[in-house]
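Participant: File my_file_0.cif follows (mmCIF, C-alpha atoms):
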```
data_query
#
loop_
_atom_site.label_atom_id
_atom_site.label_comp_id
_atom_site.auth_asym_id
_atom_site.auth_seq_id
_atom_site.Cartn_x
_atom_site.Cartn_y
_atom_site.Cartn_z
CA MET A 1 0.00 0.00 0.00
CA ARG A 2 2.72 2.44 0.96
CA THR A 3 4.74 1.71 -2.16
CA LEU A 4 1.68 2.44 -4.32
CA ILE A 5 1.26 5.87 -2.70
CA PHE A 6 4.98 6.49 -3.08
CA LYS A 7 4.84 5.60 -6.77
CA GLU A 8 1.89 7.89 -7.40
CA ARG A 9 3.64 10.72 -5.58
CA THR A 10 6.77 10.18 -7.63
CA ILE A 11 4.75 10.35 -10.84
CA LEU A 12 3.03 13.54 -9.67
CA ASN A 13 6.37 15.09 -8.75
CA ALA A 14 7.80 14.12 -12.13
CA ASN A 15 4.86 15.74 -13.92
CA LEU A 16 5.19 18.93 -11.86
CA PHE A 17 8.93 19.02 -12.49
CA GLU A 18 8.37 18.57 -16.21
CA LYS A 19 5.88 21.46 -16.30
CA GLU A 20 8.25 23.75 -14.41
CA TYR A 21 11.10 22.69 -16.67
CA GLN A 22 9.07 23.47 -19.77
CA LYS A 23 8.15 26.89 -18.35
CA THR A 24 11.79 27.79 -17.72
CA THR A 25 12.79 26.47 -21.14
CA VAL A 26 10.17 28.66 -22.81
CA LEU A 27 11.34 31.65 -20.77
CA ASN A 28 14.95 30.98 -21.73
CA GLU A 29 14.00 30.78 -25.40
CA LYS A 30 12.21 34.12 -25.14
CA ILE A 31 15.22 35.72 -23.46
CA LYS A 32 17.51 34.39 -26.22
CA LEU A 33 15.30 35.94 -28.89
#
```
Would you mind writing the file out in structure tokens?

Facilitator:
Amino acid sequence: MRTLIFKERTILNANLFEKEYQKTTVLNEKIKL
């Protein structure tokens, strides 16, 4: 049970991280231009 919750949390964290990463990448691209 605990491992399942841990896995779901990890997936959520990965998704959040990806979104933040994409945001910063877009910002960096705008700054370059």

Participant: Please measure the separation of atom CA of A:Tyr21 and atom CA of A:Glu8, giving the value in Å to one decimal.

Facilitator: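 Interatomic distance, atom CA of A:Tyr21 to atom CA of A:Glu8: 19.7 Å.
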
Participant: Please, what distance in Å, to one decimal, runs between atom CA of A:Ile31 and atom CA of A:Leu16?

Facilitator: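 Separation between atom CA of A:Ile31 and atom CA of A:Leu16: 22.7 Å.
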
Participant: Calculate how many Å separate atom CA of A:Arg2 from atom CA of A:Phe17, rounding to one decimal.

Facilitator: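 Between atom CA of A:Arg2 and atom CA of A:Phe17 the gap works out to 22.2 Å.
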